[in-house]
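K.L.:
First, the structure itself, so that you have it in front of you.
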Amino acid sequence: EADLIFHFPQELPKYLRGYHVCTKEEMLNIAGLLFRVKASSDKSQLAMIPKMLKELVPTDQLKVMSENDWKKNIVAAYNKQAGLTVEEAKISFLKAVYRWPTFGCAFFEVKQTSEPNFPDIVRIAISKIGLTIMHPKTKDVLGNYPYNRMANWCSGSTYFHMTVGNLVK
């Protein structure tokens with residue numbers, strides 16, 4: 001019940017915003033599941049897939065294929081998943097994404113000013129084990145910082161400062 005009520009609605013927007021690294025095969029499988037969540041078993045909705053792509057595929061991946069190629073591949077994935085209910089499709093979505101290291105993270109795009117090797121804007125993923133700093137376009141991990149490596153932090157309404165390591169380094 002918690003997966004249907006809380007976890008699915010929490011994780012879906014993060015997936016669609018393109019915060020996770022995933023393969024093309026994973027995207028197609030998930031797109032088939034998300035189409036089932038939207039249309040259930042109503043095959044008359046298949047023609048609407050090109051108009052629904054933003055609800056099925058991460059926004060940063062929409063240009064990987066043409067709309068027709070997305071439709072063809074999503075229909076194939078949807079047909080392979082025949083027999084799933086809407087609820088089972090939501091659970092299958094969670095089973096697909098929970099294996100990713102960024103599953104369950106809260107994401108923030110921030111301006112950083114102290115690390116010259118990082119881009120000006122980075123994405124921070126906060127998890128139960130610490131912070132991960134990611135490149136916002138490539139999703140490359142720029143640094144992992146467990147909470148026990150944070151020497152100091154402070155925040156206000158418009159800023160968050162964090163010191164990692166010790167005060168010497």
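By convention in this document, the chains of the structure tokens carry letters A, B, ... by their order, each chain's residues are numbered from 1, and ligands are numbered from 1 in the order they are shown.
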Taking a cut-off of 9 Å and counting only C-alpha atoms, can you build a table that, for each residue of stretch 129-169 of chain A near stretch 16-24 of chain A, reports the nearest atom pair and how far apart they are in Å (one decimal), sorted by chain then residue number, as a tab-separated table?
P.N.:
residue	atom	partner	partner_atom	distance
A:Pro136	CA	A:Tyr19	CA	8.2
A:Thr138	CA	A:Val21	CA	9.0
A:Lys139	CA	A:Val21	CA	6.7
A:Asp140	CA	A:Val21	CA	8.8
K.L.:
Using the selection just defined, write its residues with N, CA, C and O atoms as a tab-separated table (two decimals), in the first residue's frame.
P.N.:
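Heads up, here's the output in selection.tsv:
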chain	number	residue	atom	x	y	z
A	136	PRO	N	24.99	18.12	-13.85
A	136	PRO	CA	23.56	18.16	-14.19
A	136	PRO	C	23.22	17.68	-15.60
A	136	PRO	O	22.10	17.24	-15.85
A	138	THR	N	25.51	15.49	-17.76
A	138	THR	CA	26.01	14.15	-18.04
A	138	THR	C	25.61	13.13	-16.96
A	138	THR	O	25.69	11.94	-17.19
A	139	LYS	N	25.23	13.62	-15.79
A	139	LYS	CA	24.89	12.79	-14.63
A	139	LYS	C	26.11	12.07	-14.06
A	139	LYS	O	25.97	11.15	-13.26
A	140	ASP	N	27.32	12.46	-14.50
A	140	ASP	CA	28.54	11.88	-13.92
A	140	ASP	C	28.62	12.26	-12.45
A	140	ASP	O	28.29	13.40	-12.07
K.L.:
Excluding same-chain residues fewer than 4 positions from A:Tyr159, what lies within 10 Å of it counting only C-alpha atoms, as a ChimeraX atom specification?
P.N.:
/A:110-111,154-155
K.L.:
May I have all residues of stretch 67-165 of chain A that DSSP, computed from the backbone, assigns to alpha helix (DSSP H), given as a list in words?
P.N.:
Glu67, Asn68, Asp69, Trp70, Lys71, Lys72, Asn73, Ile74, Val75, Ala76, Ala77, Tyr78, Asn79, Lys80, Val86, Glu87, Glu88, Ala89, Lys90, Ile91, Ser92, Phe93, Leu94, Lys95, Ala96 and Val97 of chain A
K.L.:
Please, which residues of stretch 77-124 of chain A, numbered as in this document, come out strand (DSSP E or B) from DSSP, as a VMD selection string?
P.N.:
chain A and resid 106 to 111 121 to 124
K.L.:
Measuring between only C-alpha atoms, which one of A:Ala47, A:Val75, A:Met162, A:Ala31 shows the shortest distance to A:Thr113?
P.N.:
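Looking at the shortest contact to A:Thr113, the residue is A:Met162.
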K.L.:
Would you please work out which residue, of A:Gly83, A:Pro146, A:Val141, A:Met48, is nearest to A:Ser127 when using only C-alpha atoms?
P.N.:
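The closest residue to A:Ser127 is A:Pro146.
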K.L.:
In terms of the shortest atom-to-atom distance over only C-alpha atoms, which of A:Phe118, A:Phe108, A:Phe103, A:Phe160 is closest to A:Gly143?
P.N.:
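Closest candidate: A:Phe118.
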K.L.:
Looking at only C-alpha atoms, which of A:Thr102, A:Ile126, A:Leu28, A:Glu109 is the one that sits closest to A:Gln61?
P.N.:
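Selected residue with least distance to A:Gln61: A:Leu28.
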K.L.:
In Å to one decimal, how far is atom CA of A:His7 from atom CA of A:Leu56?
P.N.:
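Computing it gives 17.2 Å between the two atoms.
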K.L.:
Record the distance separating atom CA of A:Val122 and atom CA of A:Leu94, expressed in Å with one decimal.
P.N.:
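Spanning atom CA of A:Val122 to atom CA of A:Leu94 is a straight-line distance of 26.0 Å.
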K.L.:
For A:Lys43, which residue among A:Leu142, A:Ala89, A:Ala82, A:Met65 is the nearest when counting only C-alpha atoms?
P.N.:
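Of A:Leu142, A:Ala89, A:Ala82, A:Met65, the one nearest A:Lys43 is A:Ala82, counting only C-alpha atoms.
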K.L.:
Between atom CA of A:Asn29 and atom CA of A:Cys105, measure the distance and give it in Å to one decimal.
P.N.:
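Result for atom CA of A:Asn29 versus atom CA of A:Cys105: 21.7 Å, one decimal.
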K.L.:
So, counting only C-alpha atoms, which residue among A:Lys72, A:Lys14, A:Arg123, A:Lys128 is closest to A:Tyr147?
P.N.:
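Checking each of A:Lys72, A:Lys14, A:Arg123, A:Lys128 against A:Tyr147, counting only C-alpha atoms, the winner is A:Lys128.
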K.L.:
Find the residues near A:Tyr78: any atom within 12 Å, counting only C-alpha atoms, skip ones fewer than 4 places away on the same chain, and give them as a PyMOL selection string.
P.N.:
chain A and resi 28-43+45-46+49+56+70-74+82-86+89
K.L.:
Generate a file of the selected residues that holds N, CA and C atoms, formatted as a PDB file, in the first residue's frame.
P.N.:
ATOM      1  N   LEU A  28      12.692   1.942 -21.949  1.00  0.00           N
ATOM      2  CA  LEU A  28      11.592   1.377 -22.734  1.00  0.00           C
ATOM      3  C   LEU A  28      10.683   0.514 -21.869  1.00  0.00           C
ATOM      4  N   ASN A  29      11.269  -0.308 -21.011  1.00  0.00           N
ATOM      5  CA  ASN A  29      10.485  -1.119 -20.093  1.00  0.00           C
ATOM      6  C   ASN A  29       9.632  -0.227 -19.194  1.00  0.00           C
ATOM      7  N   ILE A  30      10.247   0.803 -18.627  1.00  0.00           N
ATOM      8  CA  ILE A  30       9.527   1.703 -17.732  1.00  0.00           C
ATOM      9  C   ILE A  30       8.463   2.484 -18.501  1.00  0.00           C
ATOM     10  N   ALA A  31       8.753   2.911 -19.714  1.00  0.00           N
ATOM     11  CA  ALA A  31       7.757   3.630 -20.509  1.00  0.00           C
ATOM     12  C   ALA A  31       6.533   2.754 -20.757  1.00  0.00           C
ATOM     13  N   GLY A  32       6.751   1.471 -21.023  1.00  0.00           N
ATOM     14  CA  GLY A  32       5.625   0.543 -21.183  1.00  0.00           C
ATOM     15  C   GLY A  32       4.800   0.447 -19.905  1.00  0.00           C
ATOM     16  N   LEU A  33       5.492   0.384 -18.765  1.00  0.00           N
ATOM     17  CA  LEU A  33       4.789   0.326 -17.478  1.00  0.00           C
ATOM     18  C   LEU A  33       4.006   1.612 -17.217  1.00  0.00           C
ATOM     19  N   LEU A  34       4.635   2.748 -17.490  1.00  0.00           N
ATOM     20  CA  LEU A  34       3.959   4.026 -17.243  1.00  0.00           C
ATOM     21  C   LEU A  34       2.777   4.227 -18.182  1.00  0.00           C
ATOM     22  N   PHE A  35       2.899   3.716 -19.419  1.00  0.00           N
ATOM     23  CA  PHE A  35       1.748   3.784 -20.328  1.00  0.00           C
ATOM     24  C   PHE A  35       0.607   2.944 -19.760  1.00  0.00           C
ATOM     25  N   ARG A  36       0.926   1.777 -19.194  1.00  0.00           N
ATOM     26  CA  ARG A  36      -0.109   0.933 -18.590  1.00  0.00           C
ATOM     27  C   ARG A  36      -0.752   1.658 -17.399  1.00  0.00           C
ATOM     28  N   VAL A  37       0.040   2.386 -16.628  1.00  0.00           N
ATOM     29  CA  VAL A  37      -0.512   3.156 -15.509  1.00  0.00           C
ATOM     30  C   VAL A  37      -1.504   4.201 -16.032  1.00  0.00           C
ATOM     31  N   LYS A  38      -1.174   4.840 -17.159  1.00  0.00           N
ATOM     32  CA  LYS A  38      -2.037   5.883 -17.728  1.00  0.00           C
ATOM     33  C   LYS A  38      -3.271   5.304 -18.424  1.00  0.00           C
ATOM     34  N   ALA A  39      -3.076   4.227 -19.211  1.00  0.00           N
ATOM     35  CA  ALA A  39      -4.145   3.741 -20.097  1.00  0.00           C
ATOM     36  C   ALA A  39      -4.751   2.414 -19.666  1.00  0.00           C
ATOM     37  N   SER A  40      -4.183   1.778 -18.647  1.00  0.00           N
ATOM     38  CA  SER A  40      -4.611   0.452 -18.215  1.00  0.00           C
ATOM     39  C   SER A  40      -4.509  -0.512 -19.404  1.00  0.00           C
ATOM     40  N   SER A  41      -5.586  -1.177 -19.756  1.00  0.00           N
ATOM     41  CA  SER A  41      -5.523  -2.116 -20.889  1.00  0.00           C
ATOM     42  C   SER A  41      -6.259  -1.567 -22.114  1.00  0.00           C
ATOM     43  N   ASP A  42      -6.468  -0.256 -22.154  1.00  0.00           N
ATOM     44  CA  ASP A  42      -7.179   0.392 -23.257  1.00  0.00           C
ATOM     45  C   ASP A  42      -6.223   0.633 -24.431  1.00  0.00           C
ATOM     46  N   LYS A  43      -6.200  -0.325 -25.364  1.00  0.00           N
ATOM     47  CA  LYS A  43      -5.282  -0.237 -26.504  1.00  0.00           C
ATOM     48  C   LYS A  43      -5.629   0.893 -27.469  1.00  0.00           C
ATOM     49  N   GLN A  45      -5.673   3.818 -26.738  1.00  0.00           N
ATOM     50  CA  GLN A  45      -4.814   4.934 -26.328  1.00  0.00           C
ATOM     51  C   GLN A  45      -3.405   4.857 -26.936  1.00  0.00           C
ATOM     52  N   LEU A  46      -3.064   3.746 -27.579  1.00  0.00           N
ATOM     53  CA  LEU A  46      -1.717   3.587 -28.147  1.00  0.00           C
ATOM     54  C   LEU A  46      -1.368   4.700 -29.132  1.00  0.00           C
ATOM     55  N   ILE A  49       0.518   7.853 -27.732  1.00  0.00           N
ATOM     56  CA  ILE A  49       1.858   7.774 -27.144  1.00  0.00           C
ATOM     57  C   ILE A  49       2.744   8.965 -27.534  1.00  0.00           C
ATOM     58  N   LEU A  56       6.115   9.621 -20.030  1.00  0.00           N
ATOM     59  CA  LEU A  56       6.588   8.240 -20.109  1.00  0.00           C
ATOM     60  C   LEU A  56       8.108   8.110 -20.107  1.00  0.00           C
ATOM     61  N   TRP A  70       9.986   5.876 -30.555  1.00  0.00           N
ATOM     62  CA  TRP A  70       9.554   5.734 -29.164  1.00  0.00           C
ATOM     63  C   TRP A  70       8.243   4.951 -29.128  1.00  0.00           C
ATOM     64  N   LYS A  71       7.279   5.361 -29.978  1.00  0.00           N
ATOM     65  CA  LYS A  71       5.974   4.703 -29.974  1.00  0.00           C
ATOM     66  C   LYS A  71       6.112   3.211 -30.266  1.00  0.00           C
ATOM     67  N   LYS A  72       6.856   2.868 -31.318  1.00  0.00           N
ATOM     68  CA  LYS A  72       7.020   1.463 -31.701  1.00  0.00           C
ATOM     69  C   LYS A  72       7.621   0.652 -30.546  1.00  0.00           C
ATOM     70  N   ASN A  73       8.668   1.194 -29.905  1.00  0.00           N
ATOM     71  CA  ASN A  73       9.346   0.483 -28.821  1.00  0.00           C
ATOM     72  C   ASN A  73       8.507   0.429 -27.545  1.00  0.00           C
ATOM     73  N   ILE A  74       7.759   1.495 -27.268  1.00  0.00           N
ATOM     74  CA  ILE A  74       6.901   1.494 -26.080  1.00  0.00           C
ATOM     75  C   ILE A  74       5.745   0.515 -26.261  1.00  0.00           C
ATOM     76  N   ALA A  82       1.681  -7.508 -20.993  1.00  0.00           N
ATOM     77  CA  ALA A  82       0.239  -7.768 -21.024  1.00  0.00           C
ATOM     78  C   ALA A  82      -0.175  -8.538 -19.775  1.00  0.00           C
ATOM     79  N   GLY A  83      -1.315  -8.201 -19.264  1.00  0.00           N
ATOM     80  CA  GLY A  83      -1.834  -8.899 -18.089  1.00  0.00           C
ATOM     81  C   GLY A  83      -1.566  -8.170 -16.783  1.00  0.00           C
ATOM     82  N   LEU A  84      -0.663  -7.183 -16.795  1.00  0.00           N
ATOM     83  CA  LEU A  84      -0.405  -6.421 -15.573  1.00  0.00           C
ATOM     84  C   LEU A  84      -1.554  -5.458 -15.300  1.00  0.00           C
ATOM     85  N   THR A  85      -1.901  -5.318 -14.035  1.00  0.00           N
ATOM     86  CA  THR A  85      -2.871  -4.297 -13.645  1.00  0.00           C
ATOM     87  C   THR A  85      -2.128  -2.968 -13.476  1.00  0.00           C
ATOM     88  N   VAL A  86      -2.868  -1.906 -13.306  1.00  0.00           N
ATOM     89  CA  VAL A  86      -2.273  -0.589 -13.063  1.00  0.00           C
ATOM     90  C   VAL A  86      -1.409  -0.647 -11.794  1.00  0.00           C
ATOM     91  N   ALA A  89       1.764  -2.509 -12.407  1.00  0.00           N
ATOM     92  CA  ALA A  89       2.685  -1.705 -13.216  1.00  0.00           C
ATOM     93  C   ALA A  89       3.411  -0.681 -12.339  1.00  0.00           C
TER      94      ALA A  89
END
